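So this one's query06.csv, CSV, C-alpha atoms:
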```csv
chain,number,residue,atom,x,y,z
A,1,MET,CA,0.0,0.0,0.0
A,2,SER,CA,1.4,3.4,-0.9
A,3,ASP,CA,1.2,6.4,1.3
A,4,ASN,CA,-1.5,7.9,-0.9
A,5,GLN,CA,-3.5,4.6,-1.0
A,6,ALA,CA,-3.3,4.3,2.8
A,7,GLN,CA,-4.7,7.8,3.3
A,8,THR,CA,-7.8,7.1,1.0
A,9,SER,CA,-9.0,4.4,3.4
A,10,VAL,CA,-10.0,5.3,7.0
A,11,TYR,CA,-10.3,2.4,9.4
A,12,ASP,CA,-13.0,2.4,12.0
A,13,LEU,CA,-10.5,0.9,14.4
A,14,ILE,CA,-6.7,0.4,14.4
A,15,ILE,CA,-5.3,-1.9,17.1
A,16,ILE,CA,-1.7,-1.4,17.8
A,17,GLY,CA,-0.4,-4.7,19.1
A,18,GLY,CA,-1.3,-8.3,18.2
A,19,GLY,CA,-1.0,-10.1,21.6
A,20,PRO,CA,-4.0,-11.7,23.4
A,21,ALA,CA,-5.6,-8.3,24.1
A,22,GLY,CA,-5.1,-7.0,20.5
A,23,LEU,CA,-6.3,-10.2,18.9
A,24,THR,CA,-9.4,-10.3,21.1
A,25,ALA,CA,-10.2,-6.7,20.3
A,26,GLY,CA,-9.8,-7.7,16.6
A,27,ILE,CA,-12.3,-10.5,17.0
A,28,TYR,CA,-14.9,-8.2,18.6
A,29,GLY,CA,-14.2,-5.3,16.2
A,30,GLY,CA,-14.4,-7.5,13.1
A,31,ARG,CA,-17.5,-9.3,14.4
A,32,ALA,CA,-19.2,-5.9,15.0
A,33,GLY,CA,-18.7,-4.9,11.4
A,34,LEU,CA,-16.0,-2.3,12.1
A,35,LYS,CA,-13.3,-1.9,9.5
A,36,THR,CA,-10.4,-3.1,11.7
A,37,VAL,CA,-6.7,-3.6,11.3
A,38,ILE,CA,-4.3,-5.1,13.8
A,39,MET,CA,-0.7,-3.9,13.6
A,40,GLU,CA,1.9,-6.2,15.1
A,41,GLN,CA,5.7,-5.9,14.7
A,42,GLY,CA,6.2,-9.6,15.4
A,43,ILE,CA,4.3,-12.8,15.3
A,44,PRO,CA,0.6,-13.0,16.5
A,45,GLY,CA,0.3,-13.6,20.2
A,46,GLY,CA,3.1,-11.4,21.6
A,47,GLN,CA,4.5,-12.9,24.8
A,48,ALA,CA,1.8,-15.6,24.9
A,49,ALA,CA,3.3,-17.0,21.7
A,50,GLN,CA,6.6,-17.3,23.4
A,51,THR,CA,5.2,-19.3,26.3
A,52,GLU,CA,5.6,-23.1,26.1
A,53,LYS,CA,2.4,-24.0,27.9
A,54,ILE,CA,-0.5,-21.9,29.3
A,55,GLU,CA,-2.3,-23.9,32.0
A,56,ASN,CA,-4.6,-21.3,33.5
A,57,PHE,CA,-6.6,-20.2,30.4
A,58,PRO,CA,-10.2,-21.3,30.7
A,59,GLY,CA,-11.4,-24.0,28.5
A,60,PHE,CA,-8.2,-26.0,28.2
A,61,PRO,CA,-8.1,-28.3,31.3
A,62,GLU,CA,-4.8,-29.9,30.1
A,63,GLY,CA,-3.3,-26.6,29.2
A,64,ILE,CA,-2.5,-25.4,25.7
A,65,ASP,CA,0.8,-24.4,24.0
A,66,GLY,CA,1.2,-20.6,23.8
A,67,PRO,CA,1.9,-20.5,20.0
A,68,GLU,CA,-1.2,-22.7,19.4
A,69,LEU,CA,-3.5,-20.5,21.4
A,70,SER,CA,-2.1,-17.4,19.7
A,71,MET,CA,-2.7,-18.8,16.2
A,72,LYS,CA,-6.3,-19.8,17.2
A,73,MET,CA,-6.9,-16.2,18.2
A,74,TYR,CA,-5.4,-14.9,15.1
A,75,GLU,CA,-7.4,-17.2,12.9
A,76,GLN,CA,-10.6,-16.2,14.7
A,77,ALA,CA,-9.9,-12.4,14.3
A,78,THR,CA,-9.2,-12.7,10.6
A,79,ARG,CA,-12.2,-15.0,10.0
A,80,PHE,CA,-14.4,-12.2,11.4
A,81,GLY,CA,-12.8,-9.7,8.9
A,82,ALA,CA,-10.0,-8.0,10.9
A,83,GLU,CA,-7.0,-7.3,8.8
A,84,PHE,CA,-3.5,-8.2,10.2
A,85,THR,CA,-0.4,-6.4,9.1
A,86,ASN,CA,3.2,-6.8,10.3
A,87,ALA,CA,4.3,-3.2,11.1
A,88,SER,CA,6.3,-1.4,13.7
A,89,VAL,CA,4.6,1.9,14.6
A,90,GLU,CA,7.0,4.8,14.2
A,91,SER,CA,4.8,7.8,15.1
A,92,VAL,CA,1.2,8.7,15.9
A,93,ASP,CA,-1.0,11.7,16.0
A,94,LEU,CA,-3.8,10.6,18.2
A,95,GLU,CA,-5.5,14.0,18.6
A,96,ALA,CA,-6.0,14.5,14.8
A,97,THR,CA,-9.3,13.7,13.1
A,98,PRO,CA,-9.0,11.0,11.9
A,99,LYS,CA,-6.2,9.7,14.0
A,100,VAL,CA,-2.9,9.1,12.2
A,101,ILE,CA,-0.6,6.1,12.6
A,102,ARG,CA,2.7,5.9,10.7
A,103,ALA,CA,4.5,2.6,10.3
A,104,TYR,CA,7.2,1.5,7.8
A,105,GLY,CA,6.7,4.6,5.7
A,106,GLU,CA,2.9,4.0,5.4
A,107,THR,CA,0.2,6.2,6.8
A,108,TYR,CA,-2.9,4.7,8.4
A,109,LEU,CA,-6.0,6.6,9.4
A,110,ALA,CA,-8.5,5.6,12.0
A,111,ARG,CA,-11.6,6.9,13.8
A,112,ALA,CA,-10.6,5.1,17.0
A,113,VAL,CA,-7.4,3.4,18.3
A,114,ILE,CA,-6.8,0.6,20.8
A,115,ILE,CA,-3.3,0.5,22.2
A,116,ALA,CA,-2.4,-3.1,23.1
A,117,THR,CA,1.4,-3.1,22.8
A,118,GLY,CA,2.0,-5.1,25.9
A,119,ALA,CA,5.3,-5.1,27.8
A,120,LYS,CA,8.8,-6.1,27.1
A,121,PRO,CA,11.5,-7.7,29.3
A,122,ARG,CA,13.5,-5.4,31.6
A,123,ARG,CA,17.2,-5.6,31.4
A,124,LEU,CA,19.6,-6.0,34.3
A,125,ASN,CA,21.9,-3.3,32.8
A,126,VAL,CA,25.0,-5.1,34.0
A,127,PRO,CA,28.4,-5.4,32.2
A,128,GLY,CA,28.2,-8.1,29.5
A,129,GLU,CA,24.5,-8.2,29.1
A,130,GLU,CA,24.4,-6.2,26.0
A,131,GLU,CA,27.6,-7.7,24.6
A,132,TYR,CA,26.4,-11.2,24.9
A,133,SER,CA,22.7,-10.6,24.0
A,134,GLY,CA,21.9,-13.3,21.4
A,135,ARG,CA,25.2,-15.1,22.2
A,136,GLY,CA,24.2,-16.6,25.5
A,137,VAL,CA,22.0,-13.9,27.1
A,138,SER,CA,18.3,-14.4,26.4
A,139,TYR,CA,14.9,-13.3,27.6
A,140,CYS,CA,12.9,-16.1,26.2
A,141,ALA,CA,13.6,-19.8,27.1
A,142,THR,CA,10.9,-21.0,24.7
A,143,CYS,CA,12.6,-19.2,21.8
A,144,ASP,CA,16.2,-20.1,22.6
A,145,GLY,CA,16.2,-23.0,25.0
A,146,ALA,CA,17.0,-25.7,22.3
A,147,PHE,CA,20.3,-23.9,21.5
A,148,PHE,CA,21.6,-24.8,25.0
A,149,LYS,CA,21.5,-28.6,25.1
A,150,GLY,CA,23.8,-30.0,27.8
A,151,GLU,CA,24.7,-26.6,29.2
A,152,ASP,CA,24.7,-25.3,32.7
A,153,LEU,CA,22.3,-22.4,32.7
A,154,VAL,CA,21.4,-19.5,34.9
A,155,VAL,CA,17.9,-18.0,35.3
A,156,VAL,CA,17.6,-14.6,37.0
A,157,GLY,CA,14.4,-13.9,38.8
A,158,GLY,CA,11.8,-15.4,41.2
A,159,GLY,CA,8.4,-14.8,39.7
A,160,ASP,CA,6.2,-17.0,37.6
A,161,SER,CA,8.0,-16.4,34.3
A,162,ALA,CA,11.4,-17.1,35.8
A,163,VAL,CA,10.3,-20.4,37.3
A,164,GLU,CA,8.2,-21.5,34.4
A,165,GLU,CA,11.1,-20.9,32.0
A,166,ALA,CA,13.6,-22.5,34.3
A,167,LEU,CA,11.5,-25.7,34.3
A,168,PHE,CA,11.2,-25.5,30.5
A,169,LEU,CA,15.0,-25.2,30.2
A,170,THR,CA,15.5,-28.5,32.1
A,171,HIS,CA,14.3,-30.3,28.9
A,172,TYR,CA,17.6,-29.2,27.4
A,173,ALA,CA,20.1,-28.1,30.1
A,174,LYS,CA,22.4,-30.2,32.2
A,175,SER,CA,21.5,-27.9,35.1
A,176,VAL,CA,19.5,-24.7,35.8
A,177,THR,CA,20.5,-22.4,38.6
A,178,ILE,CA,17.9,-19.8,39.7
A,179,VAL,CA,19.5,-16.7,41.1
A,180,HIS,CA,17.0,-14.6,43.1
A,181,ARG,CA,17.7,-11.4,45.1
A,182,ARG,CA,15.3,-12.5,47.9
A,183,ASP,CA,15.3,-15.5,50.2
A,184,GLU,CA,12.1,-17.1,48.7
A,185,LEU,CA,10.4,-17.2,45.3
A,186,ARG,CA,7.4,-15.0,44.4
A,187,ALA,CA,6.1,-17.5,41.9
A,188,GLN,CA,2.8,-19.5,42.5
A,189,LYS,CA,3.2,-22.3,44.9
A,190,VAL,CA,2.5,-25.0,42.3
A,191,LEU,CA,5.5,-23.7,40.3
A,192,GLN,CA,7.7,-23.5,43.4
A,193,ASP,CA,6.9,-27.1,44.2
A,194,ARG,CA,7.7,-28.3,40.7
A,195,ALA,CA,11.0,-26.4,40.7
A,196,SER,CA,12.0,-27.7,44.2
A,197,ALA,CA,11.2,-31.3,43.1
A,198,ASN,CA,13.2,-31.1,39.9
A,199,PRO,CA,16.7,-32.5,40.4
A,200,LYS,CA,18.2,-30.3,37.7
A,201,VAL,CA,17.1,-27.1,39.4
A,202,ASN,CA,19.3,-25.3,41.9
A,203,PHE,CA,18.8,-22.1,43.9
A,204,ILE,CA,21.1,-19.3,44.9
A,205,TRP,CA,19.3,-16.9,47.3
A,206,ASN,CA,19.8,-13.3,48.3
A,207,SER,CA,22.0,-12.7,45.3
A,208,VAL,CA,22.2,-10.5,42.1
A,209,ILE,CA,24.2,-10.8,38.9
A,210,GLU,CA,27.0,-8.2,38.8
A,211,LYS,CA,28.6,-9.2,35.5
A,212,ILE,CA,28.1,-11.6,32.6
A,213,ASP,CA,31.4,-12.8,31.2
A,214,GLY,CA,32.5,-15.0,28.3
A,215,ASP,CA,34.7,-15.3,25.2
A,216,ASP,CA,34.3,-15.1,21.5
A,217,LYS,CA,32.1,-18.2,21.6
A,218,GLY,CA,29.6,-16.8,24.1
A,219,VAL,CA,28.8,-16.7,27.8
A,220,ARG,CA,31.1,-18.7,30.2
A,221,ARG,CA,30.3,-17.4,33.7
A,222,CYS,CA,28.2,-15.0,35.9
A,223,LEU,CA,29.7,-13.0,38.7
A,224,ILE,CA,27.3,-12.7,41.6
A,225,ARG,CA,27.0,-10.8,44.8
A,226,ASN,CA,25.1,-11.7,48.0
A,227,VAL,CA,23.0,-8.7,48.9
A,228,VAL,CA,23.0,-9.7,52.6
A,229,ASN,CA,26.6,-10.2,53.4
A,230,GLY,CA,28.3,-8.7,50.3
A,231,GLU,CA,30.1,-12.0,49.4
A,232,LYS,CA,31.0,-12.4,45.8
A,233,GLY,CA,31.1,-15.6,43.7
A,234,GLU,CA,31.1,-17.0,40.3
A,235,ILE,CA,28.8,-19.4,38.5
A,236,PRO,CA,30.2,-21.2,35.4
A,237,CYS,CA,27.5,-21.3,32.8
A,238,GLY,CA,26.8,-21.4,29.1
A,239,GLY,CA,23.8,-19.2,29.1
A,240,VAL,CA,21.8,-16.6,31.1
A,241,PHE,CA,18.0,-16.2,30.9
A,242,ILE,CA,16.8,-13.0,32.5
A,243,TYR,CA,13.3,-12.4,34.0
A,244,ALA,CA,13.6,-9.2,35.8
A,245,GLY,CA,10.1,-8.0,35.2
A,246,THR,CA,8.7,-6.1,32.3
A,247,ALA,CA,8.5,-2.5,31.0
A,248,PRO,CA,5.5,-1.3,28.9
A,249,ALA,CA,6.0,-0.8,25.2
A,250,THR,CA,4.7,2.8,25.3
A,251,GLU,CA,7.7,4.9,24.3
A,252,PHE,CA,6.2,5.9,21.0
A,253,LEU,CA,3.2,7.5,22.6
A,254,PRO,CA,2.8,11.3,23.0
A,255,ALA,CA,2.7,13.1,26.3
A,256,SER,CA,-1.0,13.6,25.9
A,257,ILE,CA,-1.6,9.9,26.8
A,258,ALA,CA,-1.5,9.8,30.6
A,259,ARG,CA,0.8,7.2,32.1
A,260,SER,CA,1.8,6.0,35.5
A,261,GLN,CA,5.2,6.7,37.1
A,262,ASP,CA,6.5,3.5,35.5
A,263,ARG,CA,5.1,4.4,32.1
A,264,TYR,CA,2.0,2.1,32.0
A,265,ILE,CA,-1.1,3.7,30.3
A,266,VAL,CA,-3.7,5.0,32.7
A,267,THR,CA,-7.3,4.4,31.8
A,268,ASN,CA,-10.8,4.6,33.3
A,269,GLU,CA,-13.1,1.6,33.9
A,270,ASN,CA,-14.1,1.7,30.2
A,271,LEU,CA,-10.5,1.5,29.2
A,272,GLU,CA,-10.5,5.0,27.8
A,273,THR,CA,-7.2,6.9,27.9
A,274,SER,CA,-6.8,10.6,28.4
A,275,VAL,CA,-7.3,11.2,24.7
A,276,ALA,CA,-10.8,10.8,23.2
A,277,GLY,CA,-11.2,7.8,20.9
A,278,VAL,CA,-8.0,6.1,22.2
A,279,PHE,CA,-8.3,3.1,24.4
A,280,ALA,CA,-5.8,0.7,26.0
A,281,ALA,CA,-5.9,-3.0,26.9
A,282,GLY,CA,-3.5,-5.7,28.1
A,283,ASP,CA,-0.1,-5.5,29.7
A,284,CYS,CA,0.6,-2.0,28.6
A,285,ARG,CA,-2.1,-0.7,30.9
A,286,ALA,CA,-1.6,0.3,34.5
A,287,LYS,CA,-3.1,-2.5,36.6
A,288,PRO,CA,-2.2,-5.0,39.4
A,289,VAL,CA,-2.4,-8.3,37.4
A,290,ARG,CA,-1.0,-9.2,34.0
A,291,GLN,CA,-2.3,-12.6,32.7
A,292,VAL,CA,-3.5,-13.8,29.4
A,293,ALA,CA,-7.0,-14.2,30.8
A,294,ASN,CA,-7.5,-10.6,31.8
A,295,ALA,CA,-5.7,-9.3,28.7
A,296,VAL,CA,-8.4,-11.2,26.6
A,297,GLY,CA,-11.2,-9.7,28.8
A,298,GLU,CA,-9.7,-6.2,28.4
A,299,GLY,CA,-9.5,-6.6,24.6
A,300,ALA,CA,-13.2,-7.4,24.5
A,301,VAL,CA,-14.1,-4.5,26.7
A,302,ALA,CA,-12.0,-2.1,24.7
A,303,ALA,CA,-13.5,-3.1,21.4
A,304,ILE,CA,-17.1,-2.9,22.7
A,305,MET,CA,-16.4,0.6,24.1
A,306,VAL,CA,-14.9,1.6,20.7
A,307,GLU,CA,-18.2,0.5,19.1
A,308,LYS,CA,-20.2,2.6,21.6
A,309,TYR,CA,-17.8,5.6,21.1
A,310,LEU,CA,-18.2,5.4,17.3
A,311,ALA,CA,-22.0,5.1,17.6
A,312,ARG,CA,-22.0,8.4,19.5
```

Representation of the structure as structure tokens:
Amino acid sequence: MSDNQAQTSVYDLIIIGGGPAGLTAGIYGGRAGLKTVIMEQGIPGGQAAQTEKIENFPGFPEGIDGPELSMKMYEQATRFGAEFTNASVESVDLEATPKVIRAYGETYLARAVIIATGAKPRRLNVPGEEEYSGRGVSYCATCDGAFFKGEDLVVVGGGDSAVEEALFLTHYAKSVTIVHRRDELRAQKVLQDRASANPKVNFIWNSVIEKIDGDDKGVRRCLIRNVVNGEKGEIPCGGVFIYAGTAPATEFLPASIARSQDRYIVTNENLETSVAGVFAAGDCRAKPVRQVANAVGEGAVAAIMVEKYLAR
């Protein structure tokens, strides 16, 4: 589509982000007869597509693979008429009429927008992390675990994601050491129990990574520090998987979109942002819980509220 062609067609709804929230909004938007496009820079599903197994999504008592669930959502959204385009948004003018979205040199126009860009992994910002990113440092075990067969691996973090991914890595690794800055995990008890029972999983408590070191072939060791007594140590390893929380993918948004101190989008109960006609759903939104199930619910609510907004 050329820039001129893009500007001749005004969408009722542009959804920025194709994770569970964005895909669900696409299902509802398409089904409501709204001219809808979902813009996603990666594969459909976002972080859900990078999760080996999702066990707590209703309707799948045995669990379902993240990529499979994501593709089912994608197929459902497109079946109802929502378009899907691979595009990374470069700039927006959300207060214009119609609203303007620019991506890959194309200009898209919309009467309403749902921001469903999700969140991305936070970095430790320690020496060696950037240098060895993609060469032993990873933020996605499901994506990269198979490259580390027979290796001793380190997982940083103590939440659900860290423990889930550590357990996944045991399918390939010789051992997995979880390094956590506290003296107990924050993950759900069922995950803690599984990790504790797995003979390949070890724990180092009250400790942080101070440096990731290696050679021209990749990561070889982590230097750690005990936050209680200050003692320093070294863990030989062939890879480091980092789960230090997430940061919202909202850096492209203008100041007119109100955000919390940690940059998550602030909305009201109807998922309306501070700019009329702009809604937010999913992990990019300020809220206490981030799960696939509530992202899906928010995607539905946002699309329904868009329909009501456009009707007014």

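Of note, CA of Ile178 in chain A and CA of Gly150 in chain A are spaced 16.7 Å apart.
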
Find, counting all atoms listed in the file, the residue in A:Glu75, A:Asp12, A:Asp65, A:Asp160 that gets nearest to Ala110 in chain A. A:Asp12

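Across A:Thr78, A:Ser256, A:Asn56, A:Gln41, the tightest approach to Tyr104 in chain A is made by A:Gln41 when counting all atoms listed in the file.
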
Tell me, in Å to one decimal, how far CA of Ala293 in chain A is from CA of Ile101 in chain A. 28.0 Å

I'd like the contact shell of range 31-34 of chain A - 12 Å cut-off, only C-alpha atoms, skipping same-chain residues fewer than 3 positions apart - returned as a VMD selection string. chain A and resid 10 to 15 24 to 28 37 76 to 83 110 to 112 300 303 to 308 310 to 311

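Nearest-residue note for Ser196 in chain A: choosing from A:Val137, A:Ala166, A:Ile235, A:Ala249, the minimum distance belongs to A:Ala166, counting all atoms listed in the file.
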
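Near Asp152 in chain A, within 7 Å and counting all atoms listed in the file, sit Ala173, Lys174, Ser175, Val176, Cys237 and Gly238 of chain A; same-chain residues fewer than 5 positions away were not included.
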
Selected residues, C-alpha atoms, written as a PDB file, in the frame of the given file, please.
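Writing done, so here's again-v1.pdb:
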```
ATOM      1  CA  ALA A 173      20.100 -28.100  30.100  1.00  0.00           C
ATOM      2  CA  LYS A 174      22.400 -30.200  32.200  1.00  0.00           C
ATOM      3  CA  SER A 175      21.500 -27.900  35.100  1.00  0.00           C
ATOM      4  CA  VAL A 176      19.500 -24.700  35.800  1.00  0.00           C
ATOM      5  CA  CYS A 237      27.500 -21.300  32.800  1.00  0.00           C
ATOM      6  CA  GLY A 238      26.800 -21.400  29.100  1.00  0.00           C
TER       7      GLY A 238
END
```

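Closest to Gly299 in chain A among A:Phe279, A:Tyr243, A:Phe168, A:Tyr108 is A:Phe279, based on all atoms listed in the file.
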
Between A:Leu23, A:Ala162, A:Ala87, A:Asp93, which is the closest to Lys72 in chain A once you count only C-alpha atoms? A:Leu23

Please identify all polymer residues within 10 Å of Gly136 in chain A, counting only C-alpha atoms, omitting same-chain residues fewer than 2 positions from it, and present them as a ChimeraX atom specification. /A:129,131-134,138,144,147-148,153,212-214,217-220,237-241

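The two atoms in question, CA of Val89 in chain A and CA of Val296 in chain A, are spaced 22.0 Å apart.
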
May I have the residues within 6 Å of range 224-231 of chain A as a PyMOL selection string, using all atoms listed in the file and disregarding those fewer than 6 positions away in the same chain? chain A and resi 206-210

Could you pull range 294-309 of chain A out of the block above and save it with N, CA, C and O atoms, as a short mmCIF file (atom, residue, chain, number, x, y, z; two decimals), in the first residue's frame?
```
data_model
loop_
_atom_site.label_atom_id
_atom_site.label_comp_id
_atom_site.auth_asym_id
_atom_site.auth_seq_id
_atom_site.Cartn_x
_atom_site.Cartn_y
_atom_site.Cartn_z
N ASN A 294 -6.90 -11.98 31.70
CA ASN A 294 -7.47 -10.62 31.83
C ASN A 294 -7.11 -9.74 30.64
O ASN A 294 -7.82 -8.80 30.32
N ALA A 295 -6.03 -10.06 29.91
CA ALA A 295 -5.75 -9.33 28.67
C ALA A 295 -6.85 -9.57 27.64
O ALA A 295 -7.30 -8.65 26.96
N VAL A 296 -7.30 -10.82 27.56
CA VAL A 296 -8.40 -11.16 26.65
C VAL A 296 -9.67 -10.40 27.03
O VAL A 296 -10.37 -9.83 26.18
N GLY A 297 -9.98 -10.38 28.34
CA GLY A 297 -11.16 -9.66 28.80
C GLY A 297 -11.08 -8.18 28.47
O GLY A 297 -12.06 -7.58 28.02
N GLU A 298 -9.91 -7.59 28.65
CA GLU A 298 -9.75 -6.16 28.37
C GLU A 298 -9.85 -5.88 26.87
O GLU A 298 -10.39 -4.85 26.45
N GLY A 299 -9.34 -6.79 26.05
CA GLY A 299 -9.46 -6.61 24.61
C GLY A 299 -10.92 -6.57 24.18
O GLY A 299 -11.32 -5.74 23.35
N ALA A 300 -11.73 -7.43 24.79
CA ALA A 300 -13.16 -7.45 24.49
C ALA A 300 -13.83 -6.16 24.94
O ALA A 300 -14.59 -5.54 24.18
N VAL A 301 -13.54 -5.73 26.16
CA VAL A 301 -14.15 -4.51 26.69
C VAL A 301 -13.76 -3.31 25.83
O VAL A 301 -14.60 -2.48 25.47
N ALA A 302 -12.49 -3.20 25.50
CA ALA A 302 -12.02 -2.05 24.71
C ALA A 302 -12.74 -1.97 23.38
O ALA A 302 -13.18 -0.89 22.95
N ALA A 303 -12.88 -3.11 22.69
CA ALA A 303 -13.53 -3.10 21.38
C ALA A 303 -15.01 -2.75 21.50
O ALA A 303 -15.55 -2.02 20.66
N ILE A 304 -15.67 -3.24 22.53
CA ILE A 304 -17.08 -2.90 22.75
C ILE A 304 -17.23 -1.41 23.02
O ILE A 304 -18.14 -0.74 22.52
N MET A 305 -16.31 -0.85 23.81
CA MET A 305 -16.35 0.58 24.11
C MET A 305 -16.04 1.42 22.86
O MET A 305 -16.58 2.52 22.70
N VAL A 306 -15.18 0.91 22.00
CA VAL A 306 -14.94 1.60 20.72
C VAL A 306 -16.22 1.65 19.90
O VAL A 306 -16.58 2.70 19.33
N GLU A 307 -16.94 0.53 19.85
CA GLU A 307 -18.20 0.50 19.09
C GLU A 307 -19.17 1.53 19.62
O GLU A 307 -19.82 2.27 18.86
N LYS A 308 -19.27 1.62 20.95
CA LYS A 308 -20.16 2.61 21.56
C LYS A 308 -19.68 4.04 21.27
O LYS A 308 -20.49 4.94 20.99
N TYR A 309 -18.39 4.25 21.35
CA TYR A 309 -17.81 5.57 21.07
C TYR A 309 -18.12 6.00 19.63
O TYR A 309 -18.53 7.14 19.38
#
```
